[in-house]
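Visitor: Once you've had a glance at the structure underneath, I'll fire off some questions.
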Amino acid sequence: MSGKMRILTSVAAIAIVAAGLGVVIIRGPGPLDFAGGPKVALADYRAGKPTGVPAKLEKASLVERGEYLAKAADCMVCHTKPGEKDYSGGLAFKLPFGTLYSTNITADKDTGIGNYTDQDFLNAVQHGRRRDGARLYPAMPYTSYTFMTDDDVLAVKAYLFSLPAVRAKAPDNTLSFPFNQRWAMIAWSAVFNPDTRYMPDTSKSPEWNRGAYLAEALAHCGECHTPRNLGFALDNRRKFAGAITAGWRAFNISSDKATGLGSWSDADLTSYLSLGHAPGHGSASGPMGEAVDHSFSQFAPEDISSIVAYLRSVPPQPSPDLPATTAPVAPASHKEGFTADARGKKVFASACASCHGWSGESPVSPMATLTGTWAVNDPAATNVAQIVISGTKRHTPDGALSMPAFGSAYTDDEIAAVANYVTARFGTKGSKLTAKDVAELREQTAE
């Protein structure tokens with residue numbers, strides 16, 4: 001080999017190693033790597049069954065088991081456009097580079113998945129590959145669903161195929177170049193999809209392992225609560241540290257005691273997941289409210305307990321933009337406390353005070369209490385503005401009050417003003433939203 005060839009070969013080898021290291025650095029750890037314990041194949045685990053359905057449903061039919069798992073995986077929320085038939089698709093996902101629309105996953109043979117074989121369905125859910133071979137975009141969280149067992153995935157398929165087929169073609173995606181090139185997802189998946197089924201950690205309890213399977217594979221909590229890396233995949237170096245998703249802030253759910261869940265009691269967490277409300281911590285709204293109503297509220301109590309046990313183990317990740325503590329109750333009189341933003345106060349007085357109260361403690365329902373919530377203590381006021389724009393329609397618990405949408409009743413400037421007033425009066429630091437900020441938030445959630 002000539003000296004020139006040796007040099008070229010060495011350069012090529014260095015480039016390959018550097019590229020490999022770059023991929024490893026960008027990809028980072030997997031969602032369960034923080035646990036650090038030895039893992040075994042599911043078939044070799046003898047301490048219980050972390051996958052599948054709770055014990056009370058073990059002898060249920062395949063369709064009944066699939067229904068539980070489909071609800072645990074929250075399939076309906078993403079695959080149902082408001083006002084349309086369940087699972088018929090068409091829900092818009094607004095992205096910085098265009099709009100994606102969810103697909104019809106009913107058994108319709110022309111517009112749905114009625115022609116999917118078992119293997120086709122496994123390929124889609126675990127590998128992000130459609131029946132025609134095209135790659136799915138990771139708005140469909142197959143990088144989380146990949147941890148689901150084949151049996152659980154096929155149980156979901158059995159449930160979906162038991163439902164009425166709905167003929168409904170989703171609108172075409174409107175992604176800009178180069179994001180409209182599906183073939184690029186081949187490389188993306190090769191780097192960021194672990195493409196492996198769940199493996200129990202033998203150093204952890206059966207309850208922890210069940211919680212890990214539910215939170216990571218089915219409920220895919222990280223898809224909203226974990227920040228993204230340079231490749232738009234989950235950055236598990238900052239696992240559960242919180243992120244902006246679909247125009248809403250998904251708050252920190254790590255074990256951090258100041259800005260995460262570390263100071264919440266087990267009863268608080270159980271109540272929030274099961275009912276979407278925990279005294280002193282507020283109520284779930286937006287995407288989390290939907291997740292509670294359609295998914296977590298359907299979980300068996302022991303599965304909620306398992307998720308709580310798992311969340312407790314996630315290493316603390318601070319949210320430096322949030323205060324160390326939430327603000328106390330505001331004065332009962334509107335004449336006391338923060339009054340600088342006259343426009344915001346005027347909107348609050350006419351549209352908000354009757355339910356939320358001037359102190360932040362609701363005279364109508366605990367679910368409308370603002371005191372202690374992260375939304376009003378977030379200086380960015382993202383969720384405050386979104387709730388004003390979109391309202392929140394809750395179904396859990398029975399008789400829960402829903403907040404009407406005020407997006408069409410008030411201008412962007414008025415919504416910014418009331419959001420700034422609310423965060424200043426009931427939070428630790430007032431936000432500084434502008435009409436432009438509110439317009440951008442509207443755009444992120446507009447159908």
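Chain lettering (A, B, ...) mirrors the order of the structure tokens, residue numbering begins at 1 for each chain separately, and ligand numbering begins at 1 in order of display.
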Produce a table with one row for each residue of region 213-286 of chain A that has an atom at most 10 Å from any atom of region 190-194 of chain A, each row naming the nearest atom pair and its distance in Å at one decimal; use only C-alpha atoms; arrange rows by chain and rising residue number; format as a Markdown table.
Guide:
| residue | atom | partner | partner_atom | distance |
| --- | --- | --- | --- | --- |
| A:Gly231 | CA | A:Phe192 | CA | 8.5 |
| A:Phe232 | CA | A:Phe192 | CA | 9.4 |
| A:Ala233 | CA | A:Phe192 | CA | 6.6 |
| A:Leu234 | CA | A:Phe192 | CA | 8.5 |
Visitor: Could you list, with a cut-off of 9 Å and counting only C-alpha atoms, the residues of region 332-442 of chain A near region 278-295 of chain A, each shown with its nearest atom pair and the distance in Å rounded to one decimal, rows sorted by chain and ascending number, as JSON lines?
Guide:
{"residue": "A:Pro366", "atom": "CA", "partner": "A:Pro279", "partner_atom": "CA", "distance": 7.4}
{"residue": "A:Met367", "atom": "CA", "partner": "A:Ser283", "partner_atom": "CA", "distance": 5.6}
{"residue": "A:Ala368", "atom": "CA", "partner": "A:Ser283", "partner_atom": "CA", "distance": 7.4}
{"residue": "A:Thr369", "atom": "CA", "partner": "A:Gly282", "partner_atom": "CA", "distance": 6.5}
{"residue": "A:Leu370", "atom": "CA", "partner": "A:Gly282", "partner_atom": "CA", "distance": 6.5}
{"residue": "A:Thr371", "atom": "CA", "partner": "A:Gly280", "partner_atom": "CA", "distance": 6.9}
{"residue": "A:Gly372", "atom": "CA", "partner": "A:His281", "partner_atom": "CA", "distance": 5.1}
{"residue": "A:Thr373", "atom": "CA", "partner": "A:Gly282", "partner_atom": "CA", "distance": 4.8}
{"residue": "A:Trp374", "atom": "CA", "partner": "A:His281", "partner_atom": "CA", "distance": 7.5}
{"residue": "A:Ala375", "atom": "CA", "partner": "A:Gly282", "partner_atom": "CA", "distance": 8.7}
{"residue": "A:Asn383", "atom": "CA", "partner": "A:Gly286", "partner_atom": "CA", "distance": 8.1}
{"residue": "A:Gln386", "atom": "CA", "partner": "A:Gly286", "partner_atom": "CA", "distance": 8.0}
{"residue": "A:Ile387", "atom": "CA", "partner": "A:Gly286", "partner_atom": "CA", "distance": 7.3}
{"residue": "A:Ser390", "atom": "CA", "partner": "A:Gly286", "partner_atom": "CA", "distance": 8.3}
{"residue": "A:Gly391", "atom": "CA", "partner": "A:Gly286", "partner_atom": "CA", "distance": 8.2}
{"residue": "A:Thr392", "atom": "CA", "partner": "A:Ser285", "partner_atom": "CA", "distance": 5.9}
{"residue": "A:Lys393", "atom": "CA", "partner": "A:Ser285", "partner_atom": "CA", "distance": 8.1}
{"residue": "A:Arg394", "atom": "CA", "partner": "A:Gly289", "partner_atom": "CA", "distance": 6.7}
{"residue": "A:His395", "atom": "CA", "partner": "A:Asp293", "partner_atom": "CA", "distance": 5.9}
{"residue": "A:Thr396", "atom": "CA", "partner": "A:Asp293", "partner_atom": "CA", "distance": 5.7}
{"residue": "A:Pro397", "atom": "CA", "partner": "A:Asp293", "partner_atom": "CA", "distance": 8.4}
Visitor: Please save all heavy atoms of the selected residues as a compact mmCIF listing (two decimals), in the first residue's frame.
Guide:
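The resulting result.txt:
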# COMPACT_ATOMS: atom_id res chain seq x y z
N PRO A 366 -62.35 23.69 43.78
CA PRO A 366 -60.90 23.56 44.00
C PRO A 366 -60.13 23.42 42.68
O PRO A 366 -58.97 23.83 42.59
CB PRO A 366 -60.79 22.27 44.84
CG PRO A 366 -62.11 22.12 45.50
CD PRO A 366 -63.12 22.66 44.53
N MET A 367 -60.78 22.87 41.66
CA MET A 367 -60.10 22.68 40.38
C MET A 367 -59.83 24.00 39.68
O MET A 367 -59.03 24.06 38.74
CB MET A 367 -60.90 21.75 39.48
CG MET A 367 -61.01 20.33 40.00
SD MET A 367 -61.70 19.17 38.82
CE MET A 367 -60.34 18.99 37.67
N ALA A 368 -60.49 25.07 40.11
CA ALA A 368 -60.26 26.39 39.51
C ALA A 368 -59.31 27.25 40.33
O ALA A 368 -59.07 28.41 39.99
CB ALA A 368 -61.59 27.12 39.33
N THR A 369 -58.75 26.70 41.40
CA THR A 369 -57.80 27.45 42.23
C THR A 369 -56.49 27.65 41.48
O THR A 369 -55.95 26.70 40.89
CB THR A 369 -57.57 26.72 43.55
OG1 THR A 369 -58.74 26.87 44.37
CG2 THR A 369 -56.37 27.28 44.31
N LEU A 370 -55.98 28.86 41.51
CA LEU A 370 -54.75 29.20 40.81
C LEU A 370 -53.52 29.11 41.71
O LEU A 370 -52.42 28.84 41.24
CB LEU A 370 -54.83 30.61 40.24
CG LEU A 370 -55.97 30.88 39.25
CD1 LEU A 370 -55.99 32.35 38.85
CD2 LEU A 370 -55.81 30.00 38.02
N THR A 371 -53.70 29.32 43.00
CA THR A 371 -52.59 29.32 43.94
C THR A 371 -51.85 27.98 43.91
O THR A 371 -52.46 26.92 44.00
CB THR A 371 -53.09 29.58 45.37
OG1 THR A 371 -53.82 30.82 45.38
CG2 THR A 371 -51.93 29.67 46.35
N GLY A 372 -50.53 28.05 43.78
CA GLY A 372 -49.71 26.84 43.82
C GLY A 372 -49.46 26.20 42.49
O GLY A 372 -48.66 25.26 42.39
N THR A 373 -50.13 26.65 41.44
CA THR A 373 -49.95 26.01 40.14
C THR A 373 -48.69 26.53 39.45
O THR A 373 -48.33 27.71 39.58
CB THR A 373 -51.15 26.28 39.21
OG1 THR A 373 -51.21 27.67 38.89
CG2 THR A 373 -52.45 25.86 39.87
N TRP A 374 -48.03 25.66 38.69
CA TRP A 374 -46.85 26.10 37.96
C TRP A 374 -47.23 27.03 36.82
O TRP A 374 -46.45 27.90 36.43
CB TRP A 374 -46.07 24.90 37.43
CG TRP A 374 -45.13 24.31 38.43
CD1 TRP A 374 -45.08 23.03 38.88
CD2 TRP A 374 -44.07 25.01 39.12
NE1 TRP A 374 -44.09 22.88 39.81
CE2 TRP A 374 -43.45 24.08 39.98
CE3 TRP A 374 -43.62 26.32 39.10
CZ2 TRP A 374 -42.38 24.43 40.80
CZ3 TRP A 374 -42.55 26.67 39.93
CH2 TRP A 374 -41.94 25.73 40.76
N ALA A 375 -48.42 26.88 36.28
CA ALA A 375 -48.82 27.73 35.15
C ALA A 375 -48.71 29.21 35.50
O ALA A 375 -48.18 30.01 34.72
CB ALA A 375 -50.25 27.39 34.71
N ASN A 383 -48.77 28.57 29.44
CA ASN A 383 -50.03 27.84 29.66
C ASN A 383 -51.17 28.76 30.09
O ASN A 383 -52.33 28.48 29.78
CB ASN A 383 -49.82 26.73 30.69
CG ASN A 383 -48.97 25.59 30.15
OD1 ASN A 383 -48.43 25.69 29.05
ND2 ASN A 383 -48.85 24.53 30.91
N GLN A 386 -52.48 30.08 26.87
CA GLN A 386 -53.16 29.02 26.11
C GLN A 386 -54.51 28.66 26.72
O GLN A 386 -55.48 28.40 25.99
CB GLN A 386 -52.29 27.76 26.04
CG GLN A 386 -51.08 27.88 25.12
CD GLN A 386 -51.44 27.92 23.65
OE1 GLN A 386 -52.54 28.34 23.27
NE2 GLN A 386 -50.53 27.50 22.81
N ILE A 387 -54.60 28.65 28.03
CA ILE A 387 -55.88 28.34 28.66
C ILE A 387 -56.90 29.44 28.38
O ILE A 387 -58.08 29.16 28.13
CB ILE A 387 -55.69 28.12 30.19
CG1 ILE A 387 -54.88 26.85 30.44
CG2 ILE A 387 -57.04 28.04 30.89
CD1 ILE A 387 -54.41 26.70 31.88
N SER A 390 -57.77 28.86 24.54
CA SER A 390 -58.45 27.61 24.16
C SER A 390 -59.45 27.10 25.19
O SER A 390 -60.26 26.21 24.86
CB SER A 390 -57.40 26.51 23.91
OG SER A 390 -56.43 26.94 22.98
N GLY A 391 -59.39 27.62 26.42
CA GLY A 391 -60.22 27.05 27.47
C GLY A 391 -59.73 25.66 27.83
O GLY A 391 -58.69 25.20 27.37
N THR A 392 -60.48 24.98 28.65
CA THR A 392 -60.14 23.60 28.99
C THR A 392 -61.41 22.84 29.31
O THR A 392 -62.19 23.23 30.19
CB THR A 392 -59.16 23.55 30.20
OG1 THR A 392 -58.93 22.20 30.57
CG2 THR A 392 -59.70 24.33 31.39
N LYS A 393 -61.65 21.79 28.56
CA LYS A 393 -62.85 20.99 28.75
C LYS A 393 -62.47 19.69 29.42
O LYS A 393 -61.85 18.81 28.81
CB LYS A 393 -63.54 20.72 27.41
CG LYS A 393 -64.89 20.04 27.57
CD LYS A 393 -65.60 19.90 26.23
CE LYS A 393 -66.97 19.26 26.42
NZ LYS A 393 -67.70 19.13 25.13
N ARG A 394 -62.79 19.56 30.67
CA ARG A 394 -62.41 18.39 31.45
C ARG A 394 -63.60 17.45 31.64
O ARG A 394 -64.74 17.87 31.74
CB ARG A 394 -61.87 18.82 32.82
CG ARG A 394 -60.54 19.58 32.76
CD ARG A 394 -59.40 18.73 32.20
NE ARG A 394 -59.41 17.41 32.78
CZ ARG A 394 -58.95 17.10 34.00
NH1 ARG A 394 -58.43 18.05 34.76
NH2 ARG A 394 -58.99 15.87 34.46
N HIS A 395 -63.30 16.16 31.69
CA HIS A 395 -64.32 15.14 31.90
C HIS A 395 -64.15 14.39 33.21
O HIS A 395 -65.03 13.64 33.63
CB HIS A 395 -64.28 14.12 30.74
CG HIS A 395 -64.42 14.75 29.40
ND1 HIS A 395 -65.61 15.24 28.92
CD2 HIS A 395 -63.50 15.01 28.43
CE1 HIS A 395 -65.44 15.74 27.72
NE2 HIS A 395 -64.17 15.62 27.39
N THR A 396 -62.99 14.58 33.85
CA THR A 396 -62.67 13.87 35.08
C THR A 396 -62.29 14.90 36.15
O THR A 396 -61.55 15.84 35.87
CB THR A 396 -61.47 12.93 34.85
OG1 THR A 396 -61.84 11.98 33.85
CG2 THR A 396 -61.09 12.20 36.11
N PRO A 397 -62.76 14.74 37.40
CA PRO A 397 -63.74 13.75 37.85
C PRO A 397 -65.15 14.17 37.44
O PRO A 397 -65.33 15.21 36.82
CB PRO A 397 -63.58 13.80 39.37
CG PRO A 397 -63.15 15.22 39.64
CD PRO A 397 -62.27 15.60 38.48
Visitor: Which one is closest to Ser365 (chain A): A:Ala400, A:Cys75, A:Val166, A:Val53? Count only C-alpha atoms.
Guide: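 Checking each candidate against Ser365 (chain A), we get A:Ala400 as the closest.
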Visitor: Set out as a Markdown table a contact list for region 187-295 of chain A and region 140-158 of chain A with a cut-off of 6 Å, giving each residue of region 187-295 of chain A that qualifies its closest atom pair and distance in Å to one decimal, counting only C-alpha atoms, ordered by chain and rising residue number.
Guide:
| residue | atom | partner | partner_atom | distance |
| --- | --- | --- | --- | --- |
| A:Asn193 | CA | A:Thr143 | CA | 4.9 |
| A:Asp195 | CA | A:Thr146 | CA | 5.5 |
| A:Thr196 | CA | A:Phe147 | CA | 5.8 |
| A:Arg197 | CA | A:Phe147 | CA | 4.1 |
| A:Tyr198 | CA | A:Phe147 | CA | 4.6 |
| A:Ala217 | CA | A:Tyr145 | CA | 5.0 |
| A:His220 | CA | A:Ser144 | CA | 5.7 |
Visitor: Emit the selected residues as a PDB file, in the first residue's frame, including N, CA, C and O atoms.
Guide:
ATOM      1  N   ASN A 193     -34.096   5.524  17.025  1.00  0.00           N
ATOM      2  CA  ASN A 193     -35.045   4.507  17.480  1.00  0.00           C
ATOM      3  C   ASN A 193     -34.286   3.321  18.058  1.00  0.00           C
ATOM      4  O   ASN A 193     -33.605   2.607  17.319  1.00  0.00           O
ATOM      5  N   ASP A 195     -35.275   0.505  18.863  1.00  0.00           N
ATOM      6  CA  ASP A 195     -35.767  -0.713  18.231  1.00  0.00           C
ATOM      7  C   ASP A 195     -35.520  -1.943  19.095  1.00  0.00           C
ATOM      8  O   ASP A 195     -34.914  -2.932  18.678  1.00  0.00           O
ATOM      9  N   THR A 196     -35.998  -1.874  20.334  1.00  0.00           N
ATOM     10  CA  THR A 196     -35.854  -2.995  21.251  1.00  0.00           C
ATOM     11  C   THR A 196     -37.067  -3.071  22.156  1.00  0.00           C
ATOM     12  O   THR A 196     -37.701  -2.063  22.445  1.00  0.00           O
ATOM     13  N   ARG A 197     -37.415  -4.280  22.569  1.00  0.00           N
ATOM     14  CA  ARG A 197     -38.553  -4.444  23.468  1.00  0.00           C
ATOM     15  C   ARG A 197     -38.093  -4.217  24.905  1.00  0.00           C
ATOM     16  O   ARG A 197     -36.912  -4.264  25.219  1.00  0.00           O
ATOM     17  N   TYR A 198     -39.060  -3.992  25.778  1.00  0.00           N
ATOM     18  CA  TYR A 198     -38.742  -3.696  27.177  1.00  0.00           C
ATOM     19  C   TYR A 198     -38.015  -4.861  27.845  1.00  0.00           C
ATOM     20  O   TYR A 198     -38.415  -6.020  27.714  1.00  0.00           O
ATOM     21  N   ALA A 217     -43.043   2.986  27.691  1.00  0.00           N
ATOM     22  CA  ALA A 217     -43.508   2.330  26.471  1.00  0.00           C
ATOM     23  C   ALA A 217     -44.911   2.763  26.087  1.00  0.00           C
ATOM     24  O   ALA A 217     -45.170   3.130  24.943  1.00  0.00           O
ATOM     25  N   HIS A 220     -45.746   6.952  27.144  1.00  0.00           N
ATOM     26  CA  HIS A 220     -44.699   7.754  26.477  1.00  0.00           C
ATOM     27  C   HIS A 220     -44.569   9.156  27.075  1.00  0.00           C
ATOM     28  O   HIS A 220     -44.578  10.163  26.367  1.00  0.00           O
TER      29      HIS A 220
END
Visitor: Taking a cut-off of 8 Å and counting only C-alpha atoms, can you build a table that, for each residue of region 286-387 of chain A near region 413-420 of chain A, reports the nearest atom pair and how far apart they are in Å (one decimal), sorted by chain then residue number, as CSV?
Guide:
residue,atom,partner,partner_atom,distance
A:Asp341,CA,A:Ala417,CA,7.1
A:Arg343,CA,A:Ala417,CA,6.1
A:Gly344,CA,A:Val418,CA,3.8
A:Lys345,CA,A:Val418,CA,6.5
A:Val347,CA,A:Val418,CA,6.1
A:Phe348,CA,A:Val418,CA,6.2
A:Ala381,CA,A:Ala419,CA,6.4
A:Val384,CA,A:Ala419,CA,5.9
A:Ala385,CA,A:Ala419,CA,5.7
Visitor: Find the spatial neighbours of region 313-322 of chain A, counting only C-alpha atoms, within a cut-off of 6 Å - ignore same-chain residues fewer than 4 positions away - and output them as a list in words.
Guide: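 Final neighbour list, sorted by chain and number: Ala241, Ser254, Ser255, Asp256, Thr259 and Asp378 of chain A.
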Visitor: Using only C-alpha atoms, which residues sit within 8 Å of Asp74 (chain A) once same-chain residues fewer than 2 positions away are excluded, as a list in words?
Guide: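 What passes the distance filter is Ala70, Lys71, Ala72, Met76, Val77, Cys78, Leu218, Ala219, Ala291, His294 and Ser295 of chain A.
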Visitor: Report as a compact mmCIF listing (two decimals) with all heavy atoms, in the first residue's frame all protein, DNA and RNA residues lying within 12 Å of Ala92 (chain A), evaluated on only C-alpha atoms, omitting residues in the same chain fewer than 5 positions from it.
Guide:
# COMPACT_ATOMS: atom_id res chain seq x y z
N VAL A 77 -56.49 10.25 21.48
CA VAL A 77 -56.33 11.70 21.51
C VAL A 77 -55.60 12.20 20.26
O VAL A 77 -56.00 13.21 19.66
CB VAL A 77 -55.58 12.14 22.79
CG1 VAL A 77 -55.13 13.59 22.68
CG2 VAL A 77 -56.49 11.97 23.99
N CYS A 78 -54.54 11.54 19.86
CA CYS A 78 -53.77 12.00 18.70
C CYS A 78 -54.42 11.61 17.37
O CYS A 78 -54.18 12.26 16.36
CB CYS A 78 -52.35 11.45 18.75
SG CYS A 78 -51.31 12.23 20.00
N HIS A 79 -55.20 10.56 17.38
CA HIS A 79 -55.79 10.08 16.13
C HIS A 79 -57.27 10.44 15.99
O HIS A 79 -57.99 9.81 15.22
CB HIS A 79 -55.61 8.57 16.00
CG HIS A 79 -54.20 8.18 15.69
ND1 HIS A 79 -53.68 8.18 14.41
CD2 HIS A 79 -53.18 7.79 16.49
CE1 HIS A 79 -52.42 7.80 14.44
NE2 HIS A 79 -52.09 7.56 15.70
N THR A 80 -57.72 11.47 16.71
CA THR A 80 -59.11 11.91 16.60
C THR A 80 -59.15 13.43 16.52
O THR A 80 -58.68 14.12 17.43
CB THR A 80 -59.93 11.44 17.81
OG1 THR A 80 -59.81 10.02 17.95
CG2 THR A 80 -61.40 11.80 17.62
N LYS A 81 -59.72 13.94 15.46
CA LYS A 81 -59.93 15.38 15.33
C LYS A 81 -61.20 15.73 16.10
O LYS A 81 -62.20 15.02 16.02
CB LYS A 81 -60.09 15.76 13.86
CG LYS A 81 -60.27 17.24 13.63
CD LYS A 81 -60.41 17.55 12.14
CE LYS A 81 -60.61 19.04 11.91
NZ LYS A 81 -60.74 19.35 10.47
N PRO A 82 -61.19 16.81 16.89
CA PRO A 82 -62.38 17.18 17.64
C PRO A 82 -63.62 17.25 16.75
O PRO A 82 -63.60 17.84 15.68
CB PRO A 82 -62.02 18.57 18.19
CG PRO A 82 -60.53 18.54 18.31
CD PRO A 82 -60.06 17.73 17.14
N GLY A 98 -44.06 23.33 9.25
CA GLY A 98 -45.25 22.86 8.55
C GLY A 98 -46.22 22.16 9.47
O GLY A 98 -46.09 22.22 10.69
N THR A 99 -47.19 21.49 8.87
CA THR A 99 -48.23 20.82 9.65
C THR A 99 -48.31 19.35 9.27
O THR A 99 -48.33 19.00 8.08
CB THR A 99 -49.60 21.47 9.41
OG1 THR A 99 -49.53 22.86 9.77
CG2 THR A 99 -50.68 20.80 10.23
N LEU A 100 -48.34 18.50 10.29
CA LEU A 100 -48.58 17.07 10.12
C LEU A 100 -50.01 16.75 10.53
O LEU A 100 -50.54 17.38 11.45
CB LEU A 100 -47.63 16.25 11.00
CG LEU A 100 -46.21 15.99 10.55
CD1 LEU A 100 -45.43 15.34 11.67
CD2 LEU A 100 -46.19 15.10 9.32
N TYR A 101 -50.61 15.78 9.87
CA TYR A 101 -51.96 15.35 10.24
C TYR A 101 -51.93 13.88 10.64
O TYR A 101 -51.31 13.05 9.96
CB TYR A 101 -52.93 15.56 9.07
CG TYR A 101 -53.15 17.01 8.74
CD1 TYR A 101 -52.34 17.66 7.80
CD2 TYR A 101 -54.12 17.75 9.39
CE1 TYR A 101 -52.52 19.00 7.50
CE2 TYR A 101 -54.32 19.10 9.10
CZ TYR A 101 -53.51 19.72 8.16
OH TYR A 101 -53.69 21.04 7.87
N SER A 102 -52.58 13.56 11.74
CA SER A 102 -52.61 12.17 12.18
C SER A 102 -53.45 11.34 11.21
O SER A 102 -54.34 11.85 10.53
CB SER A 102 -53.17 12.06 13.60
OG SER A 102 -54.53 12.47 13.65
N THR A 103 -53.15 10.06 11.17
CA THR A 103 -53.79 9.17 10.21
C THR A 103 -54.99 8.45 10.81
O THR A 103 -55.15 8.36 12.02
CB THR A 103 -52.79 8.13 9.71
OG1 THR A 103 -52.23 7.44 10.85
CG2 THR A 103 -51.66 8.78 8.93
N ALA A 139 -43.72 12.21 15.11
CA ALA A 139 -44.88 12.71 15.84
C ALA A 139 -45.69 11.52 16.34
O ALA A 139 -46.36 11.59 17.37
CB ALA A 139 -45.75 13.60 14.94
N ALA A 170 -57.04 11.55 5.78
CA ALA A 170 -56.41 12.68 6.44
C ALA A 170 -55.92 13.68 5.40
O ALA A 170 -55.54 13.29 4.28
CB ALA A 170 -55.23 12.21 7.29
N PRO A 171 -55.92 14.97 5.71
CA PRO A 171 -55.36 15.97 4.78
C PRO A 171 -53.89 15.69 4.53
O PRO A 171 -53.20 15.03 5.32
CB PRO A 171 -55.54 17.29 5.54
CG PRO A 171 -56.60 17.04 6.56
CD PRO A 171 -56.45 15.60 6.94
N ASP A 172 -53.40 16.16 3.41
CA ASP A 172 -51.98 16.01 3.10
C ASP A 172 -51.15 16.89 4.03
O ASP A 172 -51.53 18.02 4.36
CB ASP A 172 -51.70 16.41 1.65
CG ASP A 172 -52.34 15.45 0.65
OD1 ASP A 172 -52.52 14.27 1.01
OD2 ASP A 172 -52.65 15.90 -0.48
N ASN A 173 -50.00 16.36 4.45
CA ASN A 173 -49.08 17.15 5.26
C ASN A 173 -48.56 18.35 4.46
O ASN A 173 -48.51 18.30 3.22
CB ASN A 173 -47.90 16.30 5.72
CG ASN A 173 -48.31 15.13 6.59
OD1 ASN A 173 -49.28 15.23 7.34
ND2 ASN A 173 -47.59 14.03 6.51
N THR A 174 -48.20 19.39 5.15
CA THR A 174 -47.70 20.60 4.48
C THR A 174 -46.32 20.96 5.01
O THR A 174 -46.07 22.10 5.44
CB THR A 174 -48.66 21.79 4.69
OG1 THR A 174 -48.79 22.05 6.11
CG2 THR A 174 -50.02 21.50 4.11
N LEU A 175 -45.42 20.01 5.03
CA LEU A 175 -44.08 20.25 5.53
C LEU A 175 -43.20 20.87 4.45
O LEU A 175 -43.30 20.52 3.27
CB LEU A 175 -43.45 18.93 6.00
CG LEU A 175 -44.19 18.17 7.10
CD1 LEU A 175 -43.42 16.92 7.48
CD2 LEU A 175 -44.41 19.06 8.32
N ALA A 246 -46.54 21.22 21.43
CA ALA A 246 -47.81 21.65 20.82
C ALA A 246 -48.30 22.98 21.38
O ALA A 246 -49.49 23.20 21.55
CB ALA A 246 -48.88 20.57 21.01
N GLU A 443 -51.21 30.32 16.81
CA GLU A 443 -50.84 29.61 15.59
C GLU A 443 -50.42 28.17 15.89
O GLU A 443 -50.68 27.25 15.09
CB GLU A 443 -49.70 30.36 14.88
CG GLU A 443 -49.22 29.72 13.60
CD GLU A 443 -50.28 29.63 12.52
OE1 GLU A 443 -51.22 30.46 12.54
OE2 GLU A 443 -50.21 28.71 11.68
N GLN A 444 -49.77 27.97 17.02
CA GLN A 444 -49.28 26.63 17.35
C GLN A 444 -50.39 25.65 17.69
O GLN A 444 -50.20 24.44 17.62
CB GLN A 444 -48.31 26.71 18.54
CG GLN A 444 -47.00 27.41 18.20
CD GLN A 444 -46.07 27.48 19.40
OE1 GLN A 444 -45.66 26.46 19.94
NE2 GLN A 444 -45.74 28.68 19.82
N THR A 445 -51.55 26.16 18.08
CA THR A 445 -52.65 25.27 18.47
C THR A 445 -53.84 25.38 17.54
O THR A 445 -54.83 24.67 17.73
CB THR A 445 -53.11 25.60 19.89
OG1 THR A 445 -53.47 26.98 19.99
CG2 THR A 445 -52.02 25.29 20.90
N ALA A 446 -53.79 26.24 16.53
CA ALA A 446 -54.93 26.42 15.62
C ALA A 446 -55.15 25.15 14.80
O ALA A 446 -54.19 24.48 14.39
CB ALA A 446 -54.69 27.61 14.70
N GLU A 447 -56.39 24.80 14.56
CA GLU A 447 -56.71 23.63 13.74
C GLU A 447 -56.48 23.95 12.26
O GLU A 447 -56.77 25.03 11.80
CB GLU A 447 -58.18 23.23 13.96
CG GLU A 447 -58.39 22.56 15.29
CD GLU A 447 -57.69 21.23 15.42
OE1 GLU A 447 -57.57 20.50 14.42
OE2 GLU A 447 -57.23 20.91 16.51
Visitor: Go through A:Asn209, A:Ser362, A:Gln298, A:Asn377 one by one, measure the shortest atom-to-atom distance of each to Val40 (chain A) using only C-alpha atoms, and give the residue with the smallest value.
Guide: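 Closest residue, counting only C-alpha atoms: A:Asn209.
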Visitor: DSSP on the backbone: which residues in region 103-351 of chain A end up as helix (DSSP H, G or I)? Give the answer as a PyMOL selection string.
Guide: chain A and resi 118-127+142-145+150-162+184-192+206-218+222-225+236-238+266-275+286-294+296-298+301-313+342-351
